[in-house]
Structure formats: structure tokens, C-alpha cells
>>> print(open('run39.cif').read())   # mmCIF, C-alpha atoms
data_model
#
loop_
_atom_site.label_atom_id
_atom_site.label_comp_id
_atom_site.auth_asym_id
_atom_site.auth_seq_id
_atom_site.Cartn_x
_atom_site.Cartn_y
_atom_site.Cartn_z
CA SER Q 1 -4.94 -31.50 13.67
CA VAL Q 2 -2.23 -32.21 11.11
CA ILE Q 3 -0.93 -28.65 11.37
CA ASN Q 4 0.10 -29.27 14.98
CA THR Q 5 2.54 -31.94 13.78
CA TYR Q 6 4.69 -29.27 12.07
CA ALA Q 7 7.72 -27.62 13.67
CA PRO Q 8 7.16 -23.87 14.25
CA ILE Q 9 8.88 -20.81 12.78
CA SER Q 10 8.60 -17.29 14.24
CA LEU Q 11 7.76 -14.02 12.47
CA SER Q 12 11.33 -12.77 12.92
CA GLU Q 13 12.77 -15.97 11.44
CA MET Q 14 10.34 -15.73 8.53
CA ALA Q 15 11.59 -12.23 7.66
CA ASP Q 16 14.42 -13.88 5.72
CA VAL Q 17 11.87 -15.20 3.21
CA ALA Q 18 9.67 -12.11 2.85
CA LEU Q 19 9.74 -12.59 -0.95
CA LEU Q 20 8.11 -9.24 -1.77
CA ASN Q 21 9.36 -9.72 -5.36
CA ARG Q 22 8.44 -13.22 -6.40
CA ILE Q 23 6.72 -15.76 -8.63
CA ASP Q 24 3.33 -16.98 -7.34
CA THR Q 25 1.81 -20.36 -8.15
CA LYS Q 26 -1.82 -20.91 -7.07
CA TYR Q 27 -3.99 -23.95 -6.46
CA VAL Q 28 -7.67 -24.25 -5.50
CA MET Q 29 -8.96 -27.38 -3.77
CA THR Q 30 -11.20 -28.65 -0.97
CA THR Q 31 -9.90 -28.46 2.58
CA ASN Q 32 -9.97 -32.27 2.64
CA THR Q 33 -7.54 -32.42 -0.29
CA LEU Q 34 -5.33 -29.88 1.47
CA LEU Q 35 -5.36 -31.87 4.72
CA THR Q 36 -4.25 -34.97 2.85
CA ALA Q 37 -1.39 -33.06 1.22
CA LEU Q 38 -0.29 -31.54 4.54
CA SER Q 39 -0.05 -34.98 6.11
CA GLN Q 40 2.83 -35.73 3.71
CA LEU Q 41 4.95 -32.60 4.13
CA GLN Q 42 5.97 -32.27 7.80
CA ASN Q 43 9.65 -32.86 7.00
CA ASP Q 44 9.67 -30.20 4.29
CA TYR Q 45 8.03 -27.15 5.91
CA ARG Q 46 7.73 -25.29 9.20
CA VAL Q 47 4.57 -23.45 10.23
CA LEU Q 48 4.37 -19.80 11.27
CA GLU Q 49 3.41 -19.60 14.94
CA VAL Q 50 2.54 -16.29 16.65
CA ASP Q 51 1.92 -16.46 20.42
CA GLY Q 52 1.14 -20.15 20.12
CA ILE Q 53 -1.37 -19.57 17.30
CA ARG Q 54 -0.91 -21.29 13.94
CA LEU Q 55 -4.24 -20.46 12.28
CA ASN Q 56 -4.32 -16.71 11.72
CA HIS Q 57 -7.25 -14.46 10.82
CA TYR Q 58 -6.93 -11.83 8.10
CA GLN Q 59 -9.30 -9.00 7.25
CA THR Q 60 -8.92 -7.24 3.90
CA LEU Q 61 -10.60 -4.25 2.28
CA TYR Q 62 -10.03 -3.94 -1.47
CA PHE Q 63 -10.06 -0.65 -3.35
CA ASP Q 64 -11.02 -0.07 -6.98
CA THR Q 65 -12.43 2.74 -9.11
CA ALA Q 66 -16.16 3.40 -9.49
CA ASP Q 67 -15.94 1.65 -12.87
CA PHE Q 68 -13.93 -1.28 -11.44
CA ASP Q 69 -10.94 -0.56 -13.66
CA LEU Q 70 -8.60 -2.85 -11.67
CA TYR Q 71 -11.11 -5.71 -11.84
CA TYR Q 72 -11.54 -5.27 -15.57
CA ARG Q 73 -7.79 -5.19 -16.22
CA HIS Q 74 -7.59 -8.60 -14.58
CA HIS Q 75 -10.66 -9.81 -16.49
CA ALA Q 76 -9.12 -8.67 -19.78
CA GLY Q 77 -6.00 -10.69 -19.00
CA ALA Q 78 -3.74 -7.63 -18.80
CA ALA Q 79 -0.19 -8.82 -18.19
CA ASP Q 80 0.54 -5.73 -16.09
CA ARG Q 81 -2.03 -5.15 -13.33
CA TYR Q 82 -2.50 -3.88 -9.79
CA LYS Q 83 -4.51 -4.54 -6.65
CA VAL Q 84 -4.82 -2.08 -3.76
CA ARG Q 85 -5.93 -3.24 -0.33
CA SER Q 86 -5.87 -2.50 3.38
CA ARG Q 87 -5.17 -5.62 5.41
CA ALA Q 88 -5.28 -6.41 9.12
CA TYR Q 89 -3.32 -9.33 10.53
CA VAL Q 90 -5.65 -9.88 13.48
CA GLU Q 91 -3.56 -11.99 15.88
CA SER Q 92 -0.41 -9.93 15.23
CA ASP Q 93 -2.38 -6.68 15.69
CA LEU Q 94 -0.75 -5.27 12.54
CA SER Q 95 -2.30 -3.36 9.64
CA PHE Q 96 -0.84 -2.45 6.26
CA LEU Q 97 -1.89 -0.65 3.13
CA GLU Q 98 -0.64 -2.84 0.29
CA VAL Q 99 -0.15 -2.48 -3.46
CA LYS Q 100 0.26 -5.76 -5.33
CA HIS Q 101 1.74 -5.41 -8.82
CA LYS Q 102 1.67 -8.34 -11.25
CA THR Q 103 4.27 -7.49 -13.90
CA ASN Q 104 4.31 -8.49 -17.56
CA LYS Q 105 7.14 -10.86 -16.62
CA LYS Q 106 4.68 -12.74 -14.35
CA ARG Q 107 6.40 -11.54 -11.19
CA THR Q 108 4.47 -10.29 -8.17
CA ILE Q 109 5.86 -7.20 -6.44
CA LYS Q 110 4.25 -6.22 -3.14
CA SER Q 111 4.75 -2.79 -1.56
CA ARG Q 112 3.24 -1.98 1.81
CA LEU Q 113 2.91 0.77 4.37
CA GLN Q 114 2.26 -0.04 8.02
CA THR Q 115 -0.79 1.81 9.34
CA GLU Q 116 -2.26 2.23 12.82
CA ARG Q 117 -5.50 0.57 11.76
CA MET Q 118 -7.27 -0.60 8.64
CA GLN Q 119 -7.76 2.15 6.07
CA THR Q 120 -11.33 2.59 4.83
CA MET Q 121 -10.47 5.59 2.68
CA VAL Q 122 -7.40 7.17 1.09
CA SER Q 123 -5.89 9.76 3.44
CA GLN Q 124 -3.20 12.35 2.69
CA GLU Q 125 -0.55 10.11 4.24
CA THR Q 126 -1.60 6.99 2.37
CA ALA Q 127 -2.03 8.94 -0.88
CA VAL Q 128 1.69 9.78 -0.86
CA PHE Q 129 2.56 6.08 -0.51
CA LEU Q 130 0.11 5.09 -3.25
CA GLN Q 131 1.45 7.70 -5.66
CA HIS Q 132 4.87 6.03 -5.40
CA HIS Q 133 3.61 2.51 -6.09
CA TYR Q 134 0.33 2.82 -8.01
CA PRO Q 135 0.50 4.32 -11.54
CA TYR Q 136 -3.12 5.43 -11.91
CA GLU Q 137 -5.21 8.20 -10.35
CA VAL Q 138 -5.13 7.66 -6.58
CA ALA Q 139 -8.09 10.00 -5.97
CA GLU Q 140 -10.36 7.61 -7.89
CA LEU Q 141 -9.83 4.70 -5.49
CA LEU Q 142 -12.87 3.65 -3.44
CA PRO Q 143 -13.40 0.82 -0.92
CA VAL Q 144 -15.42 -1.85 -2.76
CA LEU Q 145 -15.06 -5.26 -1.09
CA TRP Q 146 -14.38 -6.79 2.35
CA ASN Q 147 -12.74 -10.21 2.53
CA ASN Q 148 -12.10 -12.31 5.64
CA PHE Q 149 -10.23 -15.60 5.74
CA THR Q 150 -8.03 -17.77 7.94
CA ARG Q 151 -4.48 -18.52 6.86
CA ILE Q 152 -1.76 -21.03 7.61
CA THR Q 153 1.73 -19.95 6.51
CA LEU Q 154 4.42 -22.54 5.87
CA VAL Q 155 8.11 -21.93 5.16
CA SER Q 156 10.23 -24.44 3.27
CA SER Q 157 13.01 -26.14 5.20
CA HIS Q 158 15.02 -26.61 2.00
CA ARG Q 159 14.81 -23.46 -0.19
CA PRO Q 160 13.61 -19.82 -0.21
CA GLU Q 161 9.89 -20.54 -0.43
CA ARG Q 162 6.75 -19.60 1.46
CA LEU Q 163 3.37 -21.23 1.20
CA THR Q 164 0.07 -19.61 2.22
CA LEU Q 165 -3.05 -21.71 2.75
CA ASP Q 166 -6.30 -19.71 2.91
CA MET Q 167 -9.62 -21.13 4.14
CA ASP Q 168 -13.00 -19.99 5.48
CA LEU Q 169 -13.25 -17.34 2.77
CA ALA Q 170 -16.06 -14.80 3.16
CA PHE Q 171 -16.82 -11.63 1.20
CA ALA Q 172 -19.06 -8.71 2.09
CA GLN Q 173 -20.07 -5.27 0.90
CA GLY Q 174 -22.91 -3.45 2.62
CA GLN Q 175 -25.69 -5.99 3.23
CA ARG Q 176 -24.42 -8.41 0.57
CA GLN Q 177 -22.39 -11.41 1.75
CA VAL Q 178 -21.10 -14.69 0.38
CA ALA Q 179 -19.09 -17.45 2.12
CA LEU Q 180 -17.10 -20.35 0.67
CA PRO Q 181 -16.77 -23.01 3.40
CA GLY Q 182 -14.80 -26.12 2.53
CA LEU Q 183 -12.66 -24.32 -0.07
CA ALA Q 184 -8.89 -23.81 0.23
CA ILE Q 185 -6.57 -21.61 -1.83
CA ALA Q 186 -2.86 -22.44 -1.75
CA GLU Q 187 -0.22 -20.05 -3.03
CA VAL Q 188 3.44 -21.01 -3.46
CA LYS Q 189 5.75 -17.98 -3.33
CA GLN Q 190 9.24 -18.45 -4.81
CA GLU Q 191 12.13 -16.27 -6.02
CA GLY Q 192 11.77 -18.03 -9.36
CA TYR Q 193 9.41 -20.81 -10.41
CA SER Q 194 10.83 -24.21 -9.53
CA THR Q 195 9.14 -27.60 -9.70
CA ARG Q 196 11.52 -28.71 -6.93
CA SER Q 197 8.99 -27.24 -4.50
CA ASP Q 198 7.77 -30.07 -2.29
CA PHE Q 199 4.25 -28.65 -2.29
CA ILE Q 200 4.14 -28.35 -6.10
CA GLN Q 201 5.29 -31.96 -6.34
CA GLN Q 202 2.60 -32.98 -3.85
CA MET Q 203 -0.06 -31.15 -5.88
CA ARG Q 204 1.04 -32.99 -9.02
CA ALA Q 205 0.84 -36.30 -7.18
CA SER Q 206 -2.66 -35.36 -5.96
CA GLY Q 207 -3.84 -34.38 -9.46
CA VAL Q 208 -4.46 -30.73 -8.46
CA ARG Q 209 -3.68 -28.31 -11.30
CA GLN Q 210 -2.24 -24.82 -11.10
CA THR Q 211 -4.78 -22.08 -11.72
CA SER Q 212 -4.86 -18.32 -12.14
CA PHE Q 213 -7.10 -17.25 -9.28
CA SER Q 214 -7.94 -13.96 -7.60
CA LYS Q 215 -9.81 -13.74 -4.32
CA TYR Q 216 -10.68 -10.14 -5.17
CA CYS Q 217 -12.14 -10.95 -8.59
CA LEU Q 218 -14.08 -13.92 -7.22
CA GLY Q 219 -15.63 -11.85 -4.45
CA ALA Q 220 -16.30 -8.80 -6.64
CA SER Q 221 -18.10 -10.80 -9.30
CA ALA Q 222 -20.19 -12.57 -6.64
CA LEU Q 223 -21.28 -9.35 -4.91
CA TYR Q 224 -21.48 -7.12 -7.99
CA PRO Q 225 -23.35 -9.31 -10.50
CA HIS Q 226 -23.40 -6.53 -13.12
CA LEU Q 227 -19.65 -6.96 -13.64
CA LYS Q 228 -18.57 -8.76 -16.79
CA GLN Q 229 -17.18 -12.14 -15.73
CA ASN Q 230 -17.21 -14.50 -18.72
CA ASN Q 231 -13.40 -14.77 -18.74
CA PHE Q 232 -13.51 -16.06 -15.16
CA LYS Q 233 -16.16 -18.69 -15.93
CA GLN Q 234 -13.72 -21.61 -15.82
CA ASN Q 235 -12.59 -20.64 -12.32
CA TYR Q 236 -16.17 -20.23 -11.10
CA LEU Q 237 -17.16 -23.64 -12.43
CA LEU Q 238 -14.15 -25.12 -10.60
CA VAL Q 239 -15.20 -23.42 -7.35
CA GLN Q 240 -18.79 -24.65 -7.73
CA LYS Q 241 -17.60 -28.19 -8.36
CA LEU Q 242 -15.27 -28.13 -5.35
CA MET Q 243 -17.94 -26.61 -3.11
CA GLN Q 244 -20.37 -29.38 -4.05
CA GLY Q 245 -17.76 -32.02 -3.26
CA ALA Q 246 -16.46 -30.40 -0.08
CA SER Q 247 -17.41 -32.00 3.21
CA HIS Q 248 -16.79 -28.62 4.89
CA ASP Q 249 -14.19 -30.07 7.23
CA ARG Q 250 -12.14 -27.35 8.93
CA ILE Q 251 -8.57 -27.28 10.15
CA HIS Q 252 -8.50 -26.71 13.92
#
>>> encode(input="run39.cif", output="C-alpha cells")
Amino acid sequence: SVINTYAPISLSEMADVALLNRIDTKYVMTTNTLLTALSQLQNDYRVLEVDGIRLNHYQTLYFDTADFDLYYRHHAGAADRYKVRSRAYVESDLSFLEVKHKTNKKRTIKSRLQTERMQTMVSQETAVFLQHHYPYEVAELLPVLWNNFTRITLVSSHRPERLTLDMDLAFAQGQRQVALPGLAIAEVKQEGYSTRSDFIQQMRASGVRQTSFSKYCLGASALYPHLKQNNFKQNYLLVQKLMQGASHDRIH
């Protein structure tokens, strides 16, 4: 696979580019388009490798209120919004409770608390953390959506920049499930937006446009069809188009 042609970087080395306060730039494409882009960038990025593994599995549980207030703030285009999730990094055997804050200056600020295991409810300990980083009523948060995916993480060899590449997306809640094979979501994480990013330049050359995209909102609207979703229609049409064109190739 093309990803095996990249030089590795370790978790400890990657700590220097944690970028917990950053600008995010997202792209959605087929895995085939991503593979083609990756074949051009070996000199510009290194790949995160943990115990010889470069393709890592993530498990996420999103929290929202009974009325899906966090979902609807995103749907309404609120410039200041939050996501709350418990996430397990499977190969690393690490779990965190995370609050992701998108500010009205378009920055993403991520706060996280390491936990012994994934959190399926708000405990006394986690409530204290949430009260410091989440401005709304913590007691109203409920687990609403599971999300699994595989991720490749690249680190720029030239500037403070990380790149996450998510594939094999699947969502579930209770008996309801939906999977999106053949789809890839790329996210460029920078201190400040710069078109000097080699990946952003590669996306431009490939004709792939930036998009505002939320895995949580996509999964929630698919598994909770009563949710208002007209403002996400453009993204859903893009996903449908890509899914139809995807050959469902995987990165191994």
C-alpha cells in the first residue's frame, strides 16, 4: 500500500504538533482519490506508527441533549459551537473524554481528559471536567451516537501541521446502523490557515474542494431521521455522489 512508502513518526515525536488550538480544513472524497493524492506526498509527510501499525481504529461515542441542542447549533450555522465525545484509540489502548469547541474566530480548541475506559455516561469525575470546558448544562448530556472509523495520521515534514485521514466510517445507535465504505474524510490541522500546506495544494490540483463537514451531524441525521437537516443537504448530496462513484477500495 502507498502508506507503507512513508517514513514513520512516533507518538512522542508527534506531541510537538498536538495543535489543540488550531484551524481545521476539511475535504471529503473517495478513497481512490485519496490514494492518488497520497502517492504524491511521501517527501512532505511522515506517518504515525504505533507498534508497527499505521492504520489505527477509533471508537467514538457522542453526547448531546435529549433535544439535540448541539446538533441544532451546528445545523443553524452557529459560529460558536461544541461537541462532546468519549473516544477510544484502540491500538494505543487509550481513552479520553473530549470537548471540541469551534470558536466564532473559526478556531478549533480541543480539551480532553484521559479516562480508564470509554465513558457511556457522565460521572462525577467527568462532570467536573465538563463544567470547566462546556458552557451548557452538563446534567442534560446523553449518549446519542456511536461512530467507528479507521484513521491514518500524517505529520508535515516542513511546518507545524497534522493531517488526519478517516475511512471505513460506520455509525450506530441501538439497532440502527449505517456504513459509508469507499468514503474518506481528510482534515488539515494548522496553527493558522496556510495554502502552503502540501496537502491543500494537492487537493487543489485534484479538484477537491474544501467543505464544512461533521461526522457527528452526518451520523445523527442518518440515524435520527426526525432531525431537521435541510442545511446539510449539500453535504449529503456530495456524500451520495461520492458513494455512487466509489469503487470501495480500502487502504491496507
>>> closest_residue(input="run39.cif", among="Q:Gly182, Q:Gln244, Q:Glu161, Q:Leu218", to="Thr195 (chain Q)", atoms="only C-alpha atoms")
Q:Glu161
>>> residues_near_point(input="run39.cif", point="(-0.3, -1.9, -9.3)", cutoff="12 Å", atoms="all atoms listed in the file", output="MDAnalysis selection string")
chainID Q and resid 63:64 69:71 73:74 78:85 98:104 107:112 130:138
>>> closest_residue(input="run39.cif", among="Q:Ala76, Q:Ser10, Q:Tyr89, Q:Ile23", to="Lys228 (chain Q)", atoms="only C-alpha atoms")
Q:Ala76
>>> residues_around(input="run39.cif", residues="Gly245 (chain Q)", least_positions_apart="6", cutoff="12 Å", atoms="all atoms listed in the file", output="ChimeraX atom specification")
/Q:29-33,181-183,238-239
>>> write_last_selection(input="run39.cif", atoms="C-alpha atoms", output="PDB file, in the frame of the given file")
ATOM      1  CA  MET Q  29      -8.960 -27.380  -3.770  1.00  0.00           C
ATOM      2  CA  THR Q  30     -11.200 -28.650  -0.970  1.00  0.00           C
ATOM      3  CA  THR Q  31      -9.900 -28.460   2.580  1.00  0.00           C
ATOM      4  CA  ASN Q  32      -9.970 -32.270   2.640  1.00  0.00           C
ATOM      5  CA  THR Q  33      -7.540 -32.420  -0.290  1.00  0.00           C
ATOM      6  CA  PRO Q 181     -16.770 -23.010   3.400  1.00  0.00           C
ATOM      7  CA  GLY Q 182     -14.800 -26.120   2.530  1.00  0.00           C
ATOM      8  CA  LEU Q 183     -12.660 -24.320  -0.070  1.00  0.00           C
ATOM      9  CA  LEU Q 238     -14.150 -25.120 -10.600  1.00  0.00           C
ATOM     10  CA  VAL Q 239     -15.200 -23.420  -7.350  1.00  0.00           C
TER      11      VAL Q 239
END
>>> closest_residue(input="run39.cif", among="Q:Trp146, Q:Tyr45, Q:Phe213, Q:Tyr224", to="Ala170 (chain Q)", atoms="all atoms listed in the file")
Q:Trp146
>>> decode(input="run39.cif", residues="region 188-226 of chain Q", atoms="N, CA and C atoms", output="PDB file, in the first residue's frame")
ATOM      1  N   VAL Q 188      -7.031  18.856   7.607  1.00  0.00           N
ATOM      2  CA  VAL Q 188      -5.733  19.504   7.775  1.00  0.00           C
ATOM      3  C   VAL Q 188      -5.804  20.373   9.022  1.00  0.00           C
ATOM      4  N   LYS Q 189      -4.868  20.166   9.945  1.00  0.00           N
ATOM      5  CA  LYS Q 189      -4.857  20.903  11.213  1.00  0.00           C
ATOM      6  C   LYS Q 189      -3.599  21.775  11.245  1.00  0.00           C
ATOM      7  N   GLN Q 190      -3.812  23.104  11.312  1.00  0.00           N
ATOM      8  CA  GLN Q 190      -2.706  24.059  11.263  1.00  0.00           C
ATOM      9  C   GLN Q 190      -2.843  25.087  12.385  1.00  0.00           C
ATOM     10  N   GLU Q 191      -1.717  25.728  12.744  1.00  0.00           N
ATOM     11  CA  GLU Q 191      -1.778  26.828  13.717  1.00  0.00           C
ATOM     12  C   GLU Q 191      -2.602  27.982  13.157  1.00  0.00           C
ATOM     13  N   GLY Q 192      -2.420  28.252  11.888  1.00  0.00           N
ATOM     14  CA  GLY Q 192      -3.197  29.259  11.175  1.00  0.00           C
ATOM     15  C   GLY Q 192      -3.332  28.796   9.742  1.00  0.00           C
ATOM     16  N   TYR Q 193      -4.442  29.133   9.089  1.00  0.00           N
ATOM     17  CA  TYR Q 193      -4.669  28.612   7.738  1.00  0.00           C
ATOM     18  C   TYR Q 193      -3.571  29.083   6.789  1.00  0.00           C
ATOM     19  N   SER Q 194      -2.988  28.153   6.068  1.00  0.00           N
ATOM     20  CA  SER Q 194      -1.946  28.472   5.095  1.00  0.00           C
ATOM     21  C   SER Q 194      -2.098  27.579   3.873  1.00  0.00           C
ATOM     22  N   THR Q 195      -2.140  28.201   2.702  1.00  0.00           N
ATOM     23  CA  THR Q 195      -2.235  27.431   1.461  1.00  0.00           C
ATOM     24  C   THR Q 195      -0.892  26.803   1.099  1.00  0.00           C
ATOM     25  N   ARG Q 196       0.144  27.070   1.915  1.00  0.00           N
ATOM     26  CA  ARG Q 196       1.442  26.425   1.661  1.00  0.00           C
ATOM     27  C   ARG Q 196       1.397  24.941   2.009  1.00  0.00           C
ATOM     28  N   SER Q 197       0.371  24.513   2.698  1.00  0.00           N
ATOM     29  CA  SER Q 197       0.206  23.091   3.015  1.00  0.00           C
ATOM     30  C   SER Q 197       0.300  22.259   1.744  1.00  0.00           C
ATOM     31  N   ASP Q 198       1.166  21.257   1.776  1.00  0.00           N
ATOM     32  CA  ASP Q 198       1.329  20.406   0.591  1.00  0.00           C
ATOM     33  C   ASP Q 198       0.049  19.643   0.280  1.00  0.00           C
ATOM     34  N   PHE Q 199      -0.684  19.237   1.321  1.00  0.00           N
ATOM     35  CA  PHE Q 199      -1.932  18.508   1.072  1.00  0.00           C
ATOM     36  C   PHE Q 199      -2.989  19.428   0.474  1.00  0.00           C
ATOM     37  N   ILE Q 200      -3.101  20.654   0.981  1.00  0.00           N
ATOM     38  CA  ILE Q 200      -4.069  21.601   0.414  1.00  0.00           C
ATOM     39  C   ILE Q 200      -3.746  21.868  -1.051  1.00  0.00           C
ATOM     40  N   GLN Q 201      -2.465  22.013  -1.362  1.00  0.00           N
ATOM     41  CA  GLN Q 201      -2.083  22.213  -2.763  1.00  0.00           C
ATOM     42  C   GLN Q 201      -2.433  20.995  -3.610  1.00  0.00           C
ATOM     43  N   GLN Q 202      -2.242  19.802  -3.048  1.00  0.00           N
ATOM     44  CA  GLN Q 202      -2.572  18.577  -3.772  1.00  0.00           C
ATOM     45  C   GLN Q 202      -4.073  18.473  -4.007  1.00  0.00           C
ATOM     46  N   MET Q 203      -4.879  18.882  -3.025  1.00  0.00           N
ATOM     47  CA  MET Q 203      -6.335  18.872  -3.190  1.00  0.00           C
ATOM     48  C   MET Q 203      -6.757  19.829  -4.301  1.00  0.00           C
ATOM     49  N   ARG Q 204      -6.148  20.997  -4.343  1.00  0.00           N
ATOM     50  CA  ARG Q 204      -6.464  21.949  -5.413  1.00  0.00           C
ATOM     51  C   ARG Q 204      -6.137  21.356  -6.776  1.00  0.00           C
ATOM     52  N   ALA Q 205      -4.973  20.719  -6.863  1.00  0.00           N
ATOM     53  CA  ALA Q 205      -4.564  20.106  -8.128  1.00  0.00           C
ATOM     54  C   ALA Q 205      -5.510  18.980  -8.532  1.00  0.00           C
ATOM     55  N   SER Q 206      -6.103  18.314  -7.529  1.00  0.00           N
ATOM     56  CA  SER Q 206      -7.017  17.195  -7.796  1.00  0.00           C
ATOM     57  C   SER Q 206      -8.455  17.660  -8.017  1.00  0.00           C
ATOM     58  N   GLY Q 207      -8.718  18.951  -7.826  1.00  0.00           N
ATOM     59  CA  GLY Q 207     -10.071  19.468  -8.000  1.00  0.00           C
ATOM     60  C   GLY Q 207     -11.004  19.141  -6.850  1.00  0.00           C
ATOM     61  N   VAL Q 208     -10.445  18.830  -5.664  1.00  0.00           N
ATOM     62  CA  VAL Q 208     -11.272  18.531  -4.485  1.00  0.00           C
ATOM     63  C   VAL Q 208     -11.427  19.816  -3.676  1.00  0.00           C
ATOM     64  N   ARG Q 209     -12.668  20.203  -3.399  1.00  0.00           N
ATOM     65  CA  ARG Q 209     -12.928  21.466  -2.708  1.00  0.00           C
ATOM     66  C   ARG Q 209     -13.034  21.282  -1.195  1.00  0.00           C
ATOM     67  N   GLN Q 210     -12.658  22.335  -0.478  1.00  0.00           N
ATOM     68  CA  GLN Q 210     -12.871  22.344   0.971  1.00  0.00           C
ATOM     69  C   GLN Q 210     -14.364  22.275   1.262  1.00  0.00           C
ATOM     70  N   THR Q 211     -14.705  21.661   2.395  1.00  0.00           N
ATOM     71  CA  THR Q 211     -16.110  21.598   2.780  1.00  0.00           C
ATOM     72  C   THR Q 211     -16.230  21.654   4.297  1.00  0.00           C
ATOM     73  N   SER Q 212     -17.341  22.191   4.758  1.00  0.00           N
ATOM     74  CA  SER Q 212     -17.645  22.137   6.192  1.00  0.00           C
ATOM     75  C   SER Q 212     -18.363  20.821   6.426  1.00  0.00           C
ATOM     76  N   PHE Q 213     -17.787  19.962   7.246  1.00  0.00           N
ATOM     77  CA  PHE Q 213     -18.307  18.595   7.341  1.00  0.00           C
ATOM     78  C   PHE Q 213     -18.167  18.102   8.770  1.00  0.00           C
ATOM     79  N   SER Q 214     -19.220  17.484   9.276  1.00  0.00           N
ATOM     80  CA  SER Q 214     -19.207  16.955  10.640  1.00  0.00           C
ATOM     81  C   SER Q 214     -19.609  15.493  10.623  1.00  0.00           C
ATOM     82  N   LYS Q 215     -18.708  14.630  11.087  1.00  0.00           N
ATOM     83  CA  LYS Q 215     -19.063  13.208  11.180  1.00  0.00           C
ATOM     84  C   LYS Q 215     -20.268  13.026  12.094  1.00  0.00           C
ATOM     85  N   TYR Q 216     -20.280  13.775  13.206  1.00  0.00           N
ATOM     86  CA  TYR Q 216     -21.400  13.646  14.144  1.00  0.00           C
ATOM     87  C   TYR Q 216     -22.727  14.014  13.487  1.00  0.00           C
ATOM     88  N   CYS Q 217     -22.770  15.152  12.811  1.00  0.00           N
ATOM     89  CA  CYS Q 217     -24.034  15.589  12.208  1.00  0.00           C
ATOM     90  C   CYS Q 217     -24.473  14.648  11.089  1.00  0.00           C
ATOM     91  N   LEU Q 218     -23.525  14.130  10.326  1.00  0.00           N
ATOM     92  CA  LEU Q 218     -23.865  13.175   9.273  1.00  0.00           C
ATOM     93  C   LEU Q 218     -24.490  11.925   9.874  1.00  0.00           C
ATOM     94  N   GLY Q 219     -23.847  11.370  10.896  1.00  0.00           N
ATOM     95  CA  GLY Q 219     -24.361  10.155  11.514  1.00  0.00           C
ATOM     96  C   GLY Q 219     -25.678  10.373  12.227  1.00  0.00           C
ATOM     97  N   ALA Q 220     -25.801  11.500  12.944  1.00  0.00           N
ATOM     98  CA  ALA Q 220     -27.035  11.777  13.685  1.00  0.00           C
ATOM     99  C   ALA Q 220     -28.219  11.918  12.747  1.00  0.00           C
ATOM    100  N   SER Q 221     -28.029  12.626  11.649  1.00  0.00           N
ATOM    101  CA  SER Q 221     -29.152  12.819  10.728  1.00  0.00           C
ATOM    102  C   SER Q 221     -29.528  11.519  10.023  1.00  0.00           C
ATOM    103  N   ALA Q 222     -28.546  10.620   9.835  1.00  0.00           N
ATOM    104  CA  ALA Q 222     -28.843   9.334   9.195  1.00  0.00           C
ATOM    105  C   ALA Q 222     -29.610   8.407  10.131  1.00  0.00           C
ATOM    106  N   LEU Q 223     -29.282   8.443  11.431  1.00  0.00           N
ATOM    107  CA  LEU Q 223     -29.889   7.506  12.376  1.00  0.00           C
ATOM    108  C   LEU Q 223     -31.071   8.095  13.135  1.00  0.00           C
ATOM    109  N   TYR Q 224     -31.229   9.403  13.062  1.00  0.00           N
ATOM    110  CA  TYR Q 224     -32.383  10.070  13.686  1.00  0.00           C
ATOM    111  C   TYR Q 224     -33.079  10.897  12.604  1.00  0.00           C
ATOM    112  N   PRO Q 225     -33.853  10.245  11.729  1.00  0.00           N
ATOM    113  CA  PRO Q 225     -34.418  10.943  10.563  1.00  0.00           C
ATOM    114  C   PRO Q 225     -35.384  12.069  10.909  1.00  0.00           C
ATOM    115  N   HIS Q 226     -35.839  12.149  12.169  1.00  0.00           N
ATOM    116  CA  HIS Q 226     -36.739  13.245  12.536  1.00  0.00           C
ATOM    117  C   HIS Q 226     -35.996  14.571  12.686  1.00  0.00           C
TER     118      HIS Q 226
END
